[in-house]
Every structure is written in C-alpha cells, then in structure tokens.
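Novice: Contents of work.txt (compact mmCIF, C-alpha atoms) are below:
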# COMPACT_ATOMS: atom_id res chain seq x y z
CA MET A 1 -10.81 -22.80 -0.96
CA LYS A 2 -13.34 -21.19 -3.31
CA ILE A 3 -12.87 -19.44 -6.66
CA GLY A 4 -14.81 -16.31 -7.54
CA VAL A 5 -15.04 -13.53 -10.09
CA GLN A 6 -15.97 -9.85 -9.98
CA ALA A 7 -19.58 -9.23 -11.03
CA LEU A 8 -18.71 -6.07 -12.96
CA GLY A 9 -18.19 -7.01 -16.59
CA VAL A 10 -19.79 -10.44 -16.11
CA ILE A 11 -23.19 -9.91 -14.47
CA ALA A 12 -25.52 -7.25 -15.93
CA LEU A 13 -25.80 -4.63 -13.17
CA GLU A 14 -28.50 -2.71 -15.03
CA PRO A 15 -30.35 -3.26 -18.32
CA GLY A 16 -28.22 -2.70 -21.39
CA THR A 17 -24.87 -2.61 -19.59
CA PRO A 18 -21.93 -4.94 -20.32
CA GLY A 19 -22.09 -8.12 -18.29
CA GLU A 20 -24.89 -10.18 -19.80
CA LEU A 21 -22.86 -13.39 -19.49
CA GLY A 22 -24.79 -13.93 -16.27
CA PHE A 23 -24.70 -16.29 -13.32
CA GLY A 24 -25.22 -19.31 -15.55
CA ALA A 25 -22.02 -18.63 -17.46
CA VAL A 26 -20.13 -18.12 -14.18
CA SER A 27 -21.33 -21.49 -12.91
CA GLU A 28 -20.64 -23.24 -16.21
CA ALA A 29 -17.08 -21.89 -16.24
CA GLY A 30 -16.44 -23.55 -12.88
CA PHE A 31 -16.51 -20.69 -10.39
CA ASP A 32 -17.90 -21.19 -6.90
CA GLY A 33 -19.16 -17.67 -6.44
CA VAL A 34 -19.34 -14.01 -7.35
CA ASP A 35 -17.80 -10.87 -5.91
CA MET A 36 -20.79 -8.50 -5.83
CA SER A 37 -19.73 -5.14 -7.24
CA LEU A 38 -21.78 -2.82 -5.04
CA GLU A 39 -19.42 -0.01 -6.05
CA ALA A 40 -20.87 -0.15 -9.58
CA PHE A 41 -24.41 1.03 -8.79
CA TYR A 42 -23.78 4.72 -8.33
CA ASP A 43 -22.47 7.90 -9.93
CA THR A 44 -19.23 8.74 -8.12
CA ARG A 45 -20.25 12.38 -7.78
CA SER A 46 -23.43 11.41 -5.94
CA VAL A 47 -21.57 9.60 -3.17
CA CYS A 48 -20.01 12.76 -1.76
CA ASP A 49 -22.52 15.36 -2.93
CA PRO A 50 -25.84 15.03 -1.04
CA SER A 51 -27.50 17.33 -3.60
CA ILE A 52 -27.07 14.70 -6.37
CA PRO A 53 -29.52 11.77 -6.15
CA CYS A 54 -27.68 8.55 -5.29
CA PHE A 55 -28.77 4.97 -5.89
CA TYR A 56 -28.06 4.15 -2.23
CA ASP A 57 -30.25 6.97 -0.90
CA ARG A 58 -33.15 4.53 -1.21
CA SER A 59 -34.51 2.87 1.92
CA LEU A 60 -33.02 -0.43 2.98
CA ASP A 61 -36.29 -2.22 2.16
CA GLU A 62 -36.26 -0.74 -1.36
CA LEU A 63 -32.66 -1.81 -1.87
CA LYS A 64 -33.40 -5.33 -0.66
CA ARG A 65 -36.23 -5.60 -3.18
CA PHE A 66 -33.86 -4.40 -5.90
CA PHE A 67 -31.15 -6.92 -5.05
CA GLU A 68 -33.42 -9.88 -4.29
CA PRO A 69 -33.46 -11.07 -7.95
CA TYR A 70 -29.65 -11.17 -7.89
CA ALA A 71 -29.74 -13.36 -4.79
CA LYS A 72 -32.28 -15.72 -6.38
CA GLU A 73 -30.40 -15.96 -9.68
CA CYS A 74 -27.11 -16.60 -7.88
CA ALA A 75 -28.62 -19.42 -5.81
CA LYS A 76 -30.39 -20.86 -8.87
CA TYR A 77 -27.03 -21.76 -10.40
CA GLY A 78 -25.52 -23.13 -7.19
CA LEU A 79 -23.33 -20.07 -6.62
CA GLU A 80 -22.86 -17.79 -3.63
CA PHE A 81 -21.73 -14.25 -3.07
CA ILE A 82 -18.29 -15.03 -1.70
CA GLN A 83 -17.43 -11.36 -1.11
CA ALA A 84 -18.63 -7.88 -2.03
CA HIS A 85 -17.09 -4.48 -2.68
CA ALA A 86 -18.23 -1.19 -1.16
CA PRO A 87 -18.25 2.21 -2.93
CA PHE A 88 -15.02 4.17 -2.60
CA VAL A 89 -13.72 7.71 -2.98
CA ASN A 90 -10.78 9.67 -1.63
CA TYR A 91 -11.38 11.40 1.67
CA ALA A 92 -13.81 14.34 1.42
CA GLU A 93 -12.90 17.26 3.67
CA ASN A 94 -16.41 18.70 3.43
CA ARG A 95 -18.26 17.41 6.48
CA GLY A 96 -21.67 17.12 4.85
CA SER A 97 -20.22 15.15 1.94
CA TRP A 98 -18.20 12.94 4.27
CA GLU A 99 -21.21 12.09 6.44
CA HIS A 100 -23.20 11.24 3.32
CA PHE A 101 -20.48 8.92 2.05
CA LYS A 102 -20.24 7.05 5.37
CA LYS A 103 -24.02 6.54 5.36
CA ILE A 104 -23.77 5.00 1.89
CA VAL A 105 -20.94 2.64 2.85
CA LYS A 106 -22.92 1.47 5.90
CA ARG A 107 -25.89 0.84 3.62
CA THR A 108 -23.80 -1.37 1.32
CA VAL A 109 -22.57 -3.31 4.35
CA ASP A 110 -26.25 -3.98 5.10
CA ILE A 111 -26.88 -5.10 1.52
CA ALA A 112 -23.85 -7.39 1.43
CA GLY A 113 -25.14 -9.04 4.59
CA PHE A 114 -28.59 -9.40 3.04
CA LEU A 115 -27.02 -11.14 0.04
CA GLY A 116 -25.30 -13.60 2.37
CA SER A 117 -21.76 -12.45 1.66
CA PRO A 118 -19.41 -13.19 4.56
CA TYR A 119 -17.05 -10.34 3.56
CA ILE A 120 -17.17 -6.85 2.11
CA VAL A 121 -14.04 -5.07 0.90
CA VAL A 122 -13.85 -1.44 2.02
CA HIS A 123 -11.05 0.79 0.75
CA PRO A 124 -9.04 2.65 3.35
CA LEU A 125 -9.12 6.42 3.00
CA VAL A 126 -6.52 8.23 0.95
CA SER A 127 -6.33 11.92 1.78
CA GLY A 128 -3.26 12.77 -0.32
CA GLU A 129 0.31 13.81 0.27
CA GLY A 130 -0.48 16.82 2.45
CA ARG A 131 -1.56 14.83 5.53
CA ALA A 132 0.90 13.33 8.00
CA LYS A 133 1.06 9.54 8.22
CA TYR A 134 -0.11 9.51 11.85
CA ASP A 135 -3.12 11.67 10.99
CA GLU A 136 -4.07 9.43 8.09
CA LEU A 137 -3.92 6.33 10.26
CA GLU A 138 -6.12 8.02 12.86
CA LEU A 139 -8.54 9.09 10.14
CA ASN A 140 -8.81 5.47 8.99
CA ARG A 141 -9.09 4.15 12.52
CA ASP A 142 -12.08 6.41 13.25
CA TYR A 143 -13.68 5.56 9.90
CA PHE A 144 -13.48 1.80 10.26
CA LEU A 145 -14.58 1.77 13.88
CA GLU A 146 -17.66 3.74 12.84
CA LEU A 147 -18.48 0.97 10.35
CA ALA A 148 -18.04 -1.82 12.93
CA PRO A 149 -21.61 -1.77 14.36
CA ALA A 150 -23.10 -2.17 10.86
CA ALA A 151 -20.78 -5.11 10.17
CA LYS A 152 -21.70 -6.79 13.45
CA ALA A 153 -25.43 -6.30 12.82
CA SER A 154 -25.12 -7.83 9.34
CA ASN A 155 -22.85 -10.68 10.49
CA ILE A 156 -20.21 -9.69 7.96
CA ARG A 157 -16.50 -8.93 8.17
CA ILE A 158 -14.97 -5.82 6.64
CA CYS A 159 -11.80 -6.51 4.65
CA ILE A 160 -9.28 -3.68 4.28
CA GLU A 161 -7.46 -3.65 0.94
CA ASN A 162 -3.85 -2.72 0.14
CA LEU A 163 -3.95 0.36 -2.08
CA PHE A 164 -1.59 2.86 -3.72
CA TYR A 165 -1.85 6.29 -5.29
CA TYR A 166 -0.44 7.83 -8.42
CA SER A 167 2.04 10.64 -7.82
CA GLY A 168 3.91 12.35 -10.63
CA ASP A 169 5.31 9.71 -12.96
CA GLY A 170 4.81 6.70 -10.69
CA VAL A 171 2.93 5.04 -7.84
CA ARG A 172 3.43 5.67 -4.15
CA GLU A 173 2.67 3.85 -0.93
CA TYR A 174 0.54 5.43 1.74
CA PRO A 175 -0.40 4.27 5.25
CA LEU A 176 -1.72 0.67 5.13
CA SER A 177 -0.11 -0.12 1.76
CA GLU A 178 2.51 -2.20 3.56
CA ALA A 179 1.20 -5.56 4.78
CA GLU A 180 2.94 -5.80 8.16
CA GLU A 181 1.76 -2.33 9.18
CA ALA A 182 -1.75 -3.10 7.95
CA GLY A 183 -1.79 -6.33 9.96
CA ASP A 184 -0.90 -4.48 13.15
CA PHE A 185 -3.55 -1.88 12.34
CA ILE A 186 -6.26 -4.52 11.85
CA ARG A 187 -5.38 -6.39 15.05
CA LYS A 188 -5.70 -3.14 17.00
CA LEU A 189 -8.98 -2.34 15.22
CA ASN A 190 -10.46 -5.69 16.22
CA SER A 191 -9.39 -5.12 19.80
CA ASP A 192 -11.00 -1.67 19.83
CA ALA A 193 -14.15 -2.99 18.11
CA GLY A 194 -14.46 -5.81 20.64
CA GLY A 195 -14.61 -8.68 18.17
CA ASP A 196 -13.44 -10.29 14.95
CA VAL A 197 -14.83 -7.60 12.66
CA PHE A 198 -11.92 -6.74 10.36
CA ARG A 199 -9.82 -8.84 8.01
CA TYR A 200 -7.54 -8.20 5.03
CA CYS A 201 -8.00 -8.24 1.26
CA PHE A 202 -4.74 -8.82 -0.62
CA ASP A 203 -4.67 -7.23 -4.06
CA ILE A 204 -1.79 -8.84 -5.94
CA GLY A 205 -1.86 -6.26 -8.73
CA HIS A 206 -1.43 -3.39 -6.28
CA ALA A 207 1.47 -5.21 -4.61
CA ALA A 208 3.09 -5.56 -8.04
CA LEU A 209 2.75 -1.84 -8.75
CA LEU A 210 4.57 -1.11 -5.50
CA ALA A 211 7.23 -3.78 -6.20
CA GLN A 212 6.47 -5.47 -2.89
CA ASP A 213 7.68 -8.92 -1.85
CA VAL A 214 4.45 -10.87 -2.31
CA ARG A 215 5.41 -13.95 -0.30
CA SER A 216 6.65 -11.90 2.62
CA ALA A 217 3.54 -9.73 2.59
CA ILE A 218 1.24 -12.75 2.68
CA ASN A 219 3.21 -14.33 5.52
CA SER A 220 2.84 -11.21 7.64
CA LEU A 221 -0.95 -11.47 7.20
CA SER A 222 -1.36 -15.01 8.55
CA GLY A 223 -4.67 -15.26 10.40
CA LEU A 224 -6.00 -12.05 8.86
CA LEU A 225 -6.03 -12.68 5.11
CA ALA A 226 -9.57 -13.64 4.08
CA VAL A 227 -10.16 -12.55 0.49
CA THR A 228 -8.19 -11.61 -2.62
CA HIS A 229 -8.24 -9.42 -5.70
CA LEU A 230 -6.34 -11.29 -8.42
CA HIS A 231 -5.42 -9.71 -11.74
CA ASP A 232 -2.38 -8.84 -13.82
CA ASN A 233 -0.65 -5.62 -14.86
CA ASN A 234 2.56 -4.32 -16.40
CA GLY A 235 4.03 -2.97 -13.17
CA VAL A 236 3.14 0.58 -14.18
CA ARG A 237 -0.65 0.87 -14.50
CA ASP A 238 -3.47 -0.81 -12.59
CA LEU A 239 -4.81 -2.66 -15.63
CA HIS A 240 -6.89 -5.43 -13.98
CA ALA A 241 -5.94 -7.74 -16.82
CA LEU A 242 -6.40 -11.51 -17.01
CA PRO A 243 -4.00 -13.54 -14.84
CA PHE A 244 -0.68 -14.56 -16.43
CA SER A 245 -1.37 -12.32 -19.43
CA ILE A 246 1.13 -9.46 -19.07
CA ILE A 247 4.80 -10.21 -19.66
CA PRO A 248 7.85 -7.91 -19.97
CA ASN A 249 9.27 -9.72 -22.99
CA TRP A 250 8.96 -12.85 -25.13
CA GLY A 251 8.94 -16.04 -23.10
CA ARG A 252 9.28 -14.25 -19.77
CA ALA A 253 7.22 -14.75 -16.64
CA SER A 254 4.33 -12.43 -15.80
CA CYS A 255 5.09 -9.06 -14.23
CA VAL A 256 3.00 -10.15 -11.22
CA ASP A 257 4.78 -12.56 -8.86
CA TRP A 258 2.38 -15.48 -9.09
CA ASP A 259 5.00 -17.93 -7.81
CA GLY A 260 5.52 -15.82 -4.70
CA PHE A 261 1.74 -15.71 -4.28
CA ILE A 262 1.47 -19.50 -4.44
CA GLN A 263 4.34 -19.99 -1.99
CA GLY A 264 2.98 -17.41 0.43
CA MET A 265 -0.47 -18.95 0.41
CA ARG A 266 1.05 -22.36 1.06
CA ASP A 267 3.07 -20.92 3.95
CA ILE A 268 -0.03 -19.70 5.77
CA ALA A 269 -2.26 -22.66 4.72
CA TYR A 270 -4.71 -20.24 3.13
CA ASP A 271 -8.25 -21.53 2.73
CA GLY A 272 -10.14 -18.34 1.83
CA THR A 273 -11.30 -17.15 -1.56
CA LEU A 274 -9.32 -16.83 -4.79
CA ASN A 275 -11.26 -14.01 -6.38
CA PHE A 276 -10.50 -12.42 -9.73
CA GLU A 277 -11.02 -8.68 -10.14
CA THR A 278 -10.78 -8.57 -13.93
CA ALA A 279 -13.47 -6.11 -15.03
CA GLY A 280 -10.71 -3.92 -16.46
CA ILE A 281 -10.30 -6.35 -19.34
CA MET A 282 -13.78 -7.91 -19.44
CA LEU A 283 -15.43 -4.55 -20.11
CA GLY A 284 -13.10 -3.89 -23.05
CA LEU A 285 -13.37 -7.21 -24.86
CA PRO A 286 -15.61 -7.79 -27.88
CA GLU A 287 -18.79 -9.52 -26.76
CA GLU A 288 -17.85 -12.66 -28.69
CA LEU A 289 -14.65 -13.11 -26.66
CA ARG A 290 -15.91 -12.46 -23.15
CA GLU A 291 -17.14 -15.98 -22.39
CA GLY A 292 -13.79 -17.41 -23.47
CA ALA A 293 -12.00 -14.94 -21.19
CA LEU A 294 -14.30 -15.95 -18.32
CA ASN A 295 -13.52 -19.64 -18.90
CA TYR A 296 -9.79 -18.91 -19.04
CA THR A 297 -9.97 -17.00 -15.77
CA ALA A 298 -11.73 -19.92 -14.08
CA SER A 299 -9.00 -22.24 -15.36
CA ALA A 300 -6.38 -19.94 -13.86
CA GLY A 301 -8.24 -20.09 -10.56
CA LYS A 302 -8.27 -23.88 -10.58
CA TYR A 303 -4.56 -23.87 -11.42
CA LEU A 304 -3.72 -21.56 -8.51
CA LYS A 305 -5.90 -23.57 -6.14
CA GLU A 306 -4.19 -26.85 -7.11
CA LYS A 307 -0.74 -25.30 -6.74
CA ILE A 308 -1.54 -23.82 -3.33
CA GLU A 309 -3.08 -27.06 -2.04
CA TYR A 310 -0.32 -29.28 -3.50
CA LYS A 311 1.47 -31.21 -0.71
CA GLY A 312 4.31 -32.78 -2.67
CA GLU A 313 7.81 -31.55 -3.53
CA ASP A 314 8.22 -28.89 -6.22
Just dump the structure as structure tokens.
Specialist:
Amino acid sequence: MKIGVQALGVIALEPGTPGELGFGAVSEAGFDGVDMSLEAFYDTRSVCDPSIPCFYDRSLDELKRFFEPYAKECAKYGLEFIQAHAPFVNYAENRGSWEHFKKIVKRTVDIAGFLGSPYIVVHPLVSGEGRAKYDELELNRDYFLELAPAAKASNIRICIENLFYYSGDGVREYPLSEAEEAGDFIRKLNSDAGGDVFRYCFDIGHAALLAQDVRSAINSLSGLLAVTHLHDNNGVRDLHALPFSIIPNWGRASCVDWDGFIQGMRDIAYDGTLNFETAGIMLGLPEELREGALNYTASAGKYLKEKIEYKGED
C-alpha cells in the first residue's frame, strides 16, 4: 500500500504559483508518490470553448516536453506518480464544446501514461436535475467507452469517482454516487470495453457529504477500488481539509467516518493507494505552515496504513 498527496498546493504547477514545497519536501515527509493534478493546468472556460486557447491544445510532443521536468524531478527524489486527475466540467450540451472537452481529456490520459501513472481519475458527467437517470447513465457509458482506446494505448486505467452536486440548501446524489450501482456500471463498462480498463476512486469526503455508509460502500467495491481521495469536511461543504481535522464539537470524532474507512479497507484487503486530496487547505495556509501540514498529512497516511494492515484484535 502506497501513500500519496495531491500535487496542487504542494508542487509548483507554474512559476509563481502556490506549491513550491516541491518533490523533495514530499519525499522527506514520507510519501511514496504524487497525484498529478492535470486538472490544474487550464482555464475552465477554455476546456469547453474551442475559441479560447487551452493549455492542452498543444501537440502531444509539446506537452511531453513540458511535463518531462516533472517526471525527472519526481524520480530524482525516489517518488512516483501514483495516480493523476483529468480536467472536469459538467456536461456541455453544445456539440462543438463537448467534442473539444473529450479531446482534452484523452490528451491528459496520454500525458498520465507518459508520466508512468497507472491510474487517472476521470469525473463522471453531471448534466443536472433535468435529465432522467437512465439517460445520464447512458451519457456516461458512451463517454467512458470513448475514452477506453486512449487508456489502453497508454497502459493506464481510468478510475471513476463518486461525486455529488449542490442543490438548493444541500447536496444530492446523482447516478454513480452510490457505490453498489457504480460497481455494476464499471463491471459492465469493462465487459463492453473488452478488458480491465476501468476501476473506482473512492472519495471519502464526498461519501461524508452524502451521509453514506463508508464501510458498506467500500465492501461493495471489492476488486474494483484502486485509488482514493482522502480529506475531511464538516458534512456540509466539500472543504478538502486535512484528515481528522474537522469535528462537530469538543472531543468528538471527525465528521468523516475514518473508522468505517479502516474497517472497510480491511474487509476487502485493500492494497492500492492512500492518496490525500488536500489542496483545499494547503492553498489557504500561510507559507510558513504548509510544510508542517504536509508532514502531518503524511503521518495520517502512515497511521491509516498501519490500521488497515493491522492483523491483531482491536
């Protein structure tokens, strides 16, 4: 089992941006690898509007030259890219915009493969409350199957993440938010794609927002769960805070069900990545505190790993 951290907020993704802690600090903290934030290299508007220049409109050779220093720096400190994250938007009804977005996602699949990442997380599509559940599942089925050839060519697996959407005063599920349904969906996708192309990314913070049974969800994903997004929140907003840091009251346990997470991972003998998606807090911290937060997060990862791998009686 390997421990990783989101690049955004830790690795400088362009000159002058937050994240100058660098690969050396990640290695020194005790992480095994980095989750490459490929979603952070573009202006969201440019992804669905072909008239706006987009970072990923460059040729694949140009992009490889751009990312090669990241690969070298990562390897220099004995780290690896344990997973990556693709750009994401809600579904665009405009056909020209939609085709442009799919081209960009395929390009990031290529880049993740070039960086040696075995997995790339791709958000399922959220079209809103006006579309029937069956239609939304079909929309996602067509989308992911179109990405399958790029994943096969790059020798990488696409991991589908559990999401949610804000509606009115709270959060709502949508197709593929529920783990058992998502598992069935992924098994059918792999059958249709003719190979082991798709896996699952479990985001514990999103499960907390939807008040889901974490242990049960993980158990229903046995054999499919490959990567994780670990972070904390208050059960209301998707804060991406440090693990074990948000509590409902003095002396209480975290709002996120970390015990259920540990038990569920034990149940399925999980041996994938424990990856922290904590840019939400890292980007907001004073520069002087960010290295301490990174070290704390690594300690939390080691704690979770030891608890999951523990074979004795609780």
Novice: Which residue gives the smallest distance to A:Phe185 among A:Asp35, A:Glu62, A:Asp213, A:Glu138, with all atoms listed in the file counted?
Specialist: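 Under the stated criterion, the closest residue is A:Glu138.
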Novice: Residues near stretch 283-290 of chain A, anyone? I mean within 12 Å using all atoms listed in the file, not counting same-chain ones fewer than 6 positions away, as an MDAnalysis selection string.
Specialist: chainID A and resid 6:12 17:22 25:26 29 239:242 277 296:297
Novice: Which of these residues is nearest to A:Asp196, using all atoms listed in the file: A:Asn90, A:Asn155, A:Lys307, A:Ser37?
Specialist: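 Among the listed residues, A:Asn155 lies closest to A:Asp196.
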Novice: For the contact check between stretch 61-123 of chain A and stretch 145-150 of chain A, emit one row per residue of stretch 61-123 of chain A within 8 Å, containing the shortest atom pair and the distance in Å rounded to one decimal, counting all atoms listed in the file, chain then rising number order, as CSV.
Specialist:
residue,atom,partner,partner_atom,distance
A:Lys106,CA,A:Ala150,CA,6.2
A:Val109,CA,A:Ala150,CA,6.6
A:Asp110,CA,A:Ala150,CA,6.8
Novice: Write a file of the just-selected residues containing C-alpha atoms, as a PDB file, in the coordinates of the input.
Specialist:
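Done, and the output landed in result09.pdb:
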ATOM      1  CA  LYS A 106     -22.920   1.470   5.900  1.00  0.00           C
ATOM      2  CA  VAL A 109     -22.570  -3.310   4.350  1.00  0.00           C
ATOM      3  CA  ASP A 110     -26.250  -3.980   5.100  1.00  0.00           C
TER       4      ASP A 110
END
Novice: Taking all atoms listed in the file into account, name the residue in A:Ala40, A:Phe81, A:Glu99, A:Cys54 that is nearest to A:Phe23.
Specialist: A:Phe81
Novice: How many Å separate atom CA of A:Ile104 from atom CA of A:Phe88?
Specialist: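 Taking atom CA of A:Ile104 as the start and atom CA of A:Phe88 as the end point, the length is 9.9 Å.
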Novice: For a test of reading the model, state the distance in Å between atom CA of A:Tyr165 and atom CA of A:Val89, rounded to one decimal.
Specialist: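 These two atoms are separated by 12.2 Å.
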